[in-house]
Structure formats: structure tokens, C-alpha cells
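Heads up: the structure comes next, in C-alpha cells.
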Amino acid sequence: MHPRSGGIVGRLLLLAGFIALVTAIAIVLLPRGQRRYHLFFLGVSKGRVKPITAKFPPYRGNRMGGAAYVKRQLDTLIASLSGEPYNILSIGSEISGTAEAYFSRGAIPVEVLNRLKVDAMLVGNIEFTFGRQRLEELAGLAHFPFLGTNVTVMGSDEPPPFLQKEQILSPGGGLKIGVVGVTPPQTPTLTSAGNVAGLQFLPPGPELVERVKSLRNRGVDLVVMLSLYDDSRLSDEEWAQIVAARPDVLAMVDFEVDPPLPVEKDGIIIKTISGYNQSKEIDLLTLELPAFGGRPTAWHGRRIPVYCDELEPDSAMEDYLTTAASDIEKLKGEVIGQFAADSSRQYDRECPIGNLVADAMRDLFQSDVALMNSGGIQSDIKEGPFTVGDLFSLLPFDNQVVNMTLTGQDLLEVLSISVSLKRGLLQISGGRYTFAHRTEEDFELKEVVIGSEMLDPTRTYRVTTNSFLAEGGDGFWAFKRGKEVQNGPLHREAVRTYLQRLTASGPLRLATEGRIIRE
């Protein structure tokens, strides 16, 4: 070899290396177009791990949901993404509300979420149903973090050990996704005091701003905020604090028949999840993200129904549920009462089952009057033995009994909404009312009696209801003006105790008693 040839070759190799380096840098730095990212949202299943038959539009009469079918639908949707990055997030309200949830004290719903491969879950108020200690145990069983950015140990800025203030996810494609979550600040008023002892629940404020800023400083491409807010329960002050934090995406709740489209408000993309979900739907938000960071440039969303008749259930999930439920089925078979005749639930008139439930709630607190929403009664009663399983079918929602002071004017407002029949009549104990309903827009509350006297709008009454109504559920906002609020046990437990006492000497016969009169 010529003595100088090695030098020439060396310089050529150096030049080639330099060109390769420049090319690599160019590949990294030159525009690569938009990056597509997908967010699957779950939540508000209320512990529903088995299919249900939908009772309201737009799905009335269809068999829907259940963990095995949700799993199959999710897998199908994910396969359609052709490898594009995604995450699965839950807005909470998952671990309580069914016999499976109740008897496993949340363990079955958590394992279902593990098998659905959820990446993070907001802790909602119903996650505290079984108490703080049990929630900590469930966090240990979960393969995903429990989020509660605004929950701290009393007298501290630190979260309890089972909650995280934030989470950074790496779904692929070089993306980093930051997630925060606001647990309902009113949680202490929505569950028994002992369930949240030693914790404080802050409204959105400086802490949320700091968390989002911290995530931005660590180079996340997108910040997602999980919440259980809906339009009617988000104050202007709370919205202003969320805007100050500037998450890119805000997950909220809606109660609409037709799913709202994602919207942008004050620079924040809002995607809603149905408050009536119960595992019937999966929400999907697809975003186009700039190659070099910045806010999403485009997005679209949809709500995907989980129709059981159109899917094959996931066999592994079905096997798990069968095994997990075997002991629960024995517990559900316990007889807790006897009925002398069949009774049917009613939504637009006095209901003998509603009388029973309202009587049980009023008996618990010895209040002036009790009101129960007809929609909370989900099955009929059959003649003969009545089991724990029947009770869960009758009252599947984990609502607590709540006692409060309302004015007579508040009661008039509540009952005026009731007689519109938009969400079913309120069943009553300790009183009676008369109304006329001619059309959807032409209705009238004509008379209300509490005890043996006409309702007095100027005085106050002790009123017992359930936590769903106490929170303003179904649009009964006047309940939220209640004073001297007391939280009791789950309304199922109140009915169970009351029924066992009534049927100790023989079968119970339910009947209407002229408590609600429609002219």
C-alpha cells in the first residue's frame, strides 16, 4: 500500500462518518409531520362487571357492557390503530355499586381494570365507599396508579401513600404523556366521615397549576386532566383555576342521551364520558400532535357502544369472573325476608317498592319525610323468599342514606321537578302529594302534605334521601342546599335491616297507600 493511502482512507472514513452524523441529525430535527395519539377513556362503571340490559335511550332493550365484552371491544379497537400510540385511562367511580364489588370490597373491579390494562385511574368519591384503609389495600392490588392530585394528608402538602399526584406515561412513538386527576373536592360530604378521616380534598388551585407546570418542565408532550366534573357542577372559580393550569385535555362527565362532541374551551380540549356508563361504552379521543411539541393541532372523538350481541366475550376475562364470583353467589343466596305477593316498580306513579325503600330510610333517621328516586329501583319483587342477591338487583347502586334540613320551599322545588316526570317520580314516606300532568310541558304540583299538615314553605323539615339525590342527581338541585347533613349507611343496608324486622313474624305484603295522587 502507498504510504499516503492510509491517510486518504482515514480522511474518507472521517468524511463518511461526518455525513452520516449530519444525516442522522437531519432525520431527528427536520419536520416529520404530525404524530397521532389515542386516548381511551373508561369510568363510571359503578362496579358493573357483568352485562346489563339498557333501560333508557339510546340503547333501551340492548344487552350491553360487562368486563368480558369491554375487553373484546378494546382489543378490537386497539388492533385497528396499526401500532399508533395509545393509553387507557379511567375517570373513576369504578370499584363500588354491585354485589361483585360489595362482597369483594372492590377487589374484583380492580382486577378487571388490571386485565383491561388501564394505565391510570382517578380516585372518585365512590372509591372511598369501603374506607381509606381498604382503598390503600386496593392500590396495592392494582397494576396502575391511583391519582388524586388534590388529596393530601391533613396538615400536609403530601398525598396519602396510596395516591399519586401525577403520572408520566410512555405509550410509544417517543411520546411522553402527563396525567393528573382532581378527586371531587366535596368527597367528605358524599361519604361517611370515617372513610376519609385524616384527608383533605382541595379545590383546583395552585397545587394543580404546579403539577401541570412540573410535567411541562419534564418534557411531556401532552397533559391530560381526569375529573368527575360536569357542566352543572363546575363553578366559574374552579374553571378559572383549571384554565390557569392549562392542561391540554380535560376529561369530564355528561348526562346527555346523544354524546357531545369534543370541544375546545379556553385552549383546553374537553372530552366527556357518560355519567350513565355502567360499562356500556368506551370513549375515544384521537389527537394530532406537532412533531416538535406544542398543543394538539387537530382532534376528533367518539363514543363506542359495547353491544354484547355483536361481540364474542373475552374468554380469559369470563373465566376469571366465573371463578371470582363462585363464593359470592353463595353469599347472594342468603334469605333476608319474605313477600306475600309480587310487586312491580313504577316510574310515573306511587310504587309499593318505593314506599318500602323510603320508609326504611325515614325509619333510620326518624325524619319528617323521606324521598327516593324511582330510577334507583332496578327490579321487581317476586312472591316468596327474598335474598341478598334480590336486594342487590333491586338496589344495585351503592348510595348512602343522607339526612338533611331543607326548607319547605326547597321541598316544593324538588317535588315540582318530580311531577315533570322527566326522570321518574320521587317516592315519598311521611307525607303525600297530588299533581296533574297533561303534557311534557303542562304539569302542576297541586298539594303537598307532610305528616298531617299542609307543607309550610317558610319552615324547615328534616329530610332523608340517598346520596345520589343529595348531590343533585337527576337535576334535583335543591337537595344541594341541605343543611346539617348526616351521612348514614348504604341504603341497601337500611332496607335490609328494616325488611328483616318487618318480616320476622311472616311474609310482607306491599301496597300503595294514596301517597302520590295523579289527577
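In the C-alpha cells, each chain is lettered A, B, ... as it comes, each chain's residues begin at 1, and ligands are numbered from 1 in order of appearance.
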Exercise. Quick one: residues within 9 Å of segment 509-515 of chain A, only C-alpha atoms counted, chain neighbours fewer than 2 positions away excluded, as a ChimeraX atom specification?
Worked result: /A:338-343,350-353,355-356,427-434,507,517
Written selection (C-alpha atoms) as an mmCIF file, in the first residue's frame:
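Result written to selection_15.cif:
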```cif
data_model
loop_
_atom_site.group_PDB
_atom_site.id
_atom_site.type_symbol
_atom_site.label_atom_id
_atom_site.label_comp_id
_atom_site.auth_asym_id
_atom_site.auth_seq_id
_atom_site.Cartn_x
_atom_site.Cartn_y
_atom_site.Cartn_z
ATOM 1 C CA GLN A 338 -90.385 -12.971 52.614
ATOM 2 C CA PHE A 339 -93.022 -11.305 50.435
ATOM 3 C CA ALA A 340 -96.662 -12.348 50.248
ATOM 4 C CA ALA A 341 -97.192 -11.213 46.638
ATOM 5 C CA ASP A 342 -95.467 -9.844 43.558
ATOM 6 C CA SER A 343 -94.813 -6.098 43.349
ATOM 7 C CA GLU A 350 -96.843 5.619 43.513
ATOM 8 C CA CYS A 351 -94.758 2.464 43.780
ATOM 9 C CA PRO A 352 -95.185 -0.017 46.654
ATOM 10 C CA ILE A 353 -91.484 -0.917 46.404
ATOM 11 C CA ASN A 355 -92.765 3.064 49.683
ATOM 12 C CA LEU A 356 -90.746 0.292 51.312
ATOM 13 C CA GLN A 427 -91.423 8.136 46.086
ATOM 14 C CA ILE A 428 -92.353 9.553 49.492
ATOM 15 C CA SER A 429 -92.555 8.449 53.124
ATOM 16 C CA GLY A 430 -94.018 10.662 55.854
ATOM 17 C CA GLY A 431 -96.197 12.659 53.520
ATOM 18 C CA ARG A 432 -98.213 12.722 50.319
ATOM 19 C CA TYR A 433 -98.597 14.900 47.260
ATOM 20 C CA THR A 434 -101.083 15.483 44.444
ATOM 21 C CA PRO A 507 -94.324 -12.504 54.791
ATOM 22 C CA ILE A 517 -102.182 11.056 43.618
#
```
For this session: Compile the contact shell of Thr152 of chain A as a VMD selection string: residues with an atom at most 9 Å away, counting only C-alpha atoms, same-chain residues fewer than 6 positions apart removed.
Result: chain A and resid 158 to 160 163 198 to 202
Rows by chain and residue number, segment 366-467 of chain A within 8 Å of segment 96-120 of chain A, shortest pair, only C-alpha atoms, as a Markdown table:
```
| residue | atom | partner | partner_atom | distance |
| --- | --- | --- | --- | --- |
| A:Gly389 | CA | A:Ala99 | CA | 7.4 |
| A:Phe392 | CA | A:Ala99 | CA | 6.2 |
| A:Pro396 | CA | A:Thr98 | CA | 5.5 |
| A:Phe397 | CA | A:Gly97 | CA | 4.6 |
| A:Asp398 | CA | A:Gly97 | CA | 4.6 |
```
Exercise. If you count only C-alpha atoms, which residues fall within 12 Å of Pro51 of chain A, apart from same-chain ones fewer than 4 positions away, as a PyMOL selection string?
Worked result: chain A and resi 45+47+62-70+98+277-281+306-309+313+318+321
Take the selection from the previous step and output its residues with C-alpha atoms, as a JSON list (two decimals), in the first residue's frame.
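Resulting contents of out-v3.json:
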```json
[["chain", "number", "residue", "atom", "x", "y", "z"],
["A", 45, "SER", "CA", -68.87, 1.57, 35.59],
["A", 47, "GLY", "CA", -68.61, -1.89, 39.65],
["A", 62, "ASN", "CA", -80.00, -3.93, 24.27],
["A", 63, "ARG", "CA", -77.76, -6.24, 26.27],
["A", 64, "MET", "CA", -74.59, -4.25, 26.81],
["A", 65, "GLY", "CA", -71.29, -3.97, 28.63],
["A", 66, "GLY", "CA", -69.67, -6.28, 31.10],
["A", 67, "ALA", "CA", -65.94, -6.74, 31.52],
["A", 68, "ALA", "CA", -65.54, -9.63, 29.05],
["A", 69, "TYR", "CA", -67.23, -7.66, 26.26],
["A", 70, "VAL", "CA", -65.42, -4.40, 27.11],
["A", 98, "THR", "CA", -72.66, -4.19, 42.51],
["A", 277, "ASN", "CA", -71.99, 4.45, 31.50],
["A", 278, "GLN", "CA", -72.06, 1.29, 33.68],
["A", 279, "SER", "CA", -69.55, -0.30, 31.23],
["A", 280, "LYS", "CA", -71.90, 0.17, 28.23],
["A", 281, "GLU", "CA", -69.48, 2.43, 26.34],
["A", 306, "VAL", "CA", -70.39, -2.23, 23.74],
["A", 307, "TYR", "CA", -73.17, -4.37, 22.26],
["A", 308, "CYS", "CA", -72.95, -7.94, 23.56],
["A", 309, "ASP", "CA", -74.80, -9.35, 20.54],
["A", 313, "PRO", "CA", -66.66, -12.18, 25.03],
["A", 318, "GLU", "CA", -65.04, -14.65, 31.54],
["A", 321, "LEU", "CA", -65.23, -13.64, 36.62]]
```
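Shortest separation to Leu39 of chain A among A:Asp456, A:Glu137, A:Glu237, A:Asp283 occurs at residue A:Asp283, atoms counted being only C-alpha atoms.
If you count only C-alpha atoms and ignore residues fewer than 5 places along the chain from Lys213 of chain A, what sits within 9 Å of it is Leu208, Arg218, Ala245 and Arg246 of chain A.
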Exercise. Which polymer residues have any atom within 12 Å of an atom of Thr286 of chain A, counting only C-alpha atoms, with same-chain residues fewer than 4 positions away left out, as a PyMOL selection string?
Worked result: chain A and resi 35-41+81+84-87+249+262+269+271+296-303
For this session: Could you please write out, as an MDAnalysis selection string, every residue of segment 258-366 of chain A that DSSP assigns to helix (DSSP H, G or I)?
Result: chainID A and resid 308:310 315:332 352:365
Problem set entry | Polymer residues at most 6 Å from Ala358 of chain A, only C-alpha atoms, same-chain spacing of 5 or more positions, as an NGL selection string | :A and (370-372 or 429)
Writing out the chosen residues with N, CA and C atoms as a PDB file, in the first residue's frame:
```pdb
ATOM      1  N   ALA A 370     -89.097  11.302  53.828  1.00  0.00           N
ATOM      2  CA  ALA A 370     -88.031  10.674  53.041  1.00  0.00           C
ATOM      3  C   ALA A 370     -88.459  10.631  51.583  1.00  0.00           C
ATOM      4  N   LEU A 371     -87.500  10.821  50.691  1.00  0.00           N
ATOM      5  CA  LEU A 371     -87.762  10.815  49.250  1.00  0.00           C
ATOM      6  C   LEU A 371     -86.769   9.897  48.560  1.00  0.00           C
ATOM      7  N   MET A 372     -87.296   9.043  47.679  1.00  0.00           N
ATOM      8  CA  MET A 372     -86.490   8.063  46.954  1.00  0.00           C
ATOM      9  C   MET A 372     -86.769   8.180  45.466  1.00  0.00           C
ATOM     10  N   SER A 429     -92.160   9.011  51.830  1.00  0.00           N
ATOM     11  CA  SER A 429     -92.555   8.449  53.124  1.00  0.00           C
ATOM     12  C   SER A 429     -92.711   9.616  54.097  1.00  0.00           C
TER      13      SER A 429
END
```
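Considering only C-alpha atoms, the residue among A:Gln241, A:Asn399, A:Ser452, A:Thr407 positioned nearest to Val495 of chain A is A:Asn399.
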For this session: Find the spatial neighbours of Gly181 of chain A, counting only C-alpha atoms, within a cut-off of 12 Å - ignore same-chain residues fewer than 3 positions away - and output them as a PyMOL selection string.
Result: chain A and resi 89-92+120-124+145-151+163-167+178+184-185+202-204+207-208+211-212+223-229+242+247+249-252
Dump as a JSON list (two decimals), in the first residue's frame, selection limited to C-alpha atoms:
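Printed below is selection.json as written:
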```json
[["chain", "number", "residue", "atom", "x", "y", "z"],
["A", 89, "LEU", "CA", -57.42, 5.96, 31.40],
["A", 90, "SER", "CA", -60.31, 5.73, 33.84],
["A", 91, "ILE", "CA", -62.08, 8.72, 35.40],
["A", 92, "GLY", "CA", -63.01, 6.57, 38.42],
["A", 120, "ALA", "CA", -54.09, 5.21, 35.44],
["A", 121, "MET", "CA", -57.34, 5.84, 37.34],
["A", 122, "LEU", "CA", -58.72, 8.91, 39.04],
["A", 123, "VAL", "CA", -59.96, 8.17, 42.54],
["A", 124, "GLY", "CA", -63.56, 9.40, 42.74],
["A", 145, "PRO", "CA", -51.58, 4.21, 39.81],
["A", 146, "PHE", "CA", -54.49, 5.75, 41.69],
["A", 147, "LEU", "CA", -54.49, 9.50, 41.04],
["A", 148, "GLY", "CA", -55.70, 12.29, 43.33],
["A", 149, "THR", "CA", -53.73, 15.45, 42.65],
["A", 150, "ASN", "CA", -55.79, 17.48, 45.11],
["A", 151, "VAL", "CA", -55.89, 14.98, 48.00],
["A", 163, "LEU", "CA", -52.39, 8.10, 45.83],
["A", 164, "GLN", "CA", -50.15, 9.80, 43.31],
["A", 165, "LYS", "CA", -50.38, 13.45, 42.33],
["A", 166, "GLU", "CA", -49.29, 12.82, 38.75],
["A", 167, "GLN", "CA", -48.10, 10.16, 36.35],
["A", 178, "GLY", "CA", -48.54, 13.55, 31.74],
["A", 184, "PRO", "CA", -64.27, 15.64, 43.76],
["A", 185, "PRO", "CA", -63.49, 18.29, 46.38],
["A", 202, "LEU", "CA", -58.72, 20.75, 47.88],
["A", 203, "PRO", "CA", -60.49, 22.56, 45.04],
["A", 204, "PRO", "CA", -58.45, 23.12, 41.86],
["A", 207, "GLU", "CA", -51.35, 22.77, 43.51],
["A", 208, "LEU", "CA", -52.89, 21.84, 40.15],
["A", 211, "ARG", "CA", -48.33, 19.85, 38.96],
["A", 212, "VAL", "CA", -49.01, 20.74, 35.33],
["A", 223, "VAL", "CA", -51.07, 16.87, 29.80],
["A", 224, "VAL", "CA", -54.38, 15.11, 30.48],
["A", 225, "MET", "CA", -56.55, 16.02, 33.47],
["A", 226, "LEU", "CA", -59.09, 13.48, 34.71],
["A", 227, "SER", "CA", -62.17, 14.67, 36.59],
["A", 228, "LEU", "CA", -65.75, 13.82, 37.50],
["A", 229, "TYR", "CA", -66.97, 17.35, 36.86],
["A", 242, "ILE", "CA", -58.26, 24.78, 35.58],
["A", 247, "PRO", "CA", -53.94, 21.00, 30.76],
["A", 249, "VAL", "CA", -57.13, 17.68, 27.61],
["A", 250, "LEU", "CA", -59.83, 17.65, 30.31],
["A", 251, "ALA", "CA", -61.98, 14.55, 30.83],
["A", 252, "MET", "CA", -65.42, 15.36, 32.30]]
```
Exercise. Can you list every residue in segment 65-115 of chain A that DSSP puts in strand (DSSP E), as a PyMOL selection string?
Worked result: chain A and resi 86-90
Keeping only C-alpha atoms, write the selected residues to a file as a compact mmCIF listing (two decimals), in the first residue's frame.
```
# COMPACT_ATOMS: atom_id res chain seq x y z
CA TYR A 86 -52.41 5.00 22.91
CA ASN A 87 -53.26 4.93 26.60
CA ILE A 88 -56.26 3.69 28.56
CA LEU A 89 -57.42 5.96 31.40
CA SER A 90 -60.31 5.73 33.84
```
Exercise. From the set A:Gln409, A:Thr322, A:Thr503, A:Ser315, which residue has the shortest atom-to-atom contact distance to Gly384 of chain A, counting only C-alpha atoms?
Worked result: A:Thr503
Problem set entry | Shortest interatomic distance to Leu406 of chain A - which of A:Thr189, A:Thr458, A:Ser393, A:Thr387, counting only C-alpha atoms | A:Thr458
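Going from atom CA of Gly408 of chain A to atom CA of Thr187 of chain A covers 26.8 Å.
Of the residues under consideration (A:Leu234, A:Leu42, A:Thr76, A:Gln486), A:Gln486 shows the shortest atom-to-atom contact distance to Ala193 of chain A when counting only C-alpha atoms.
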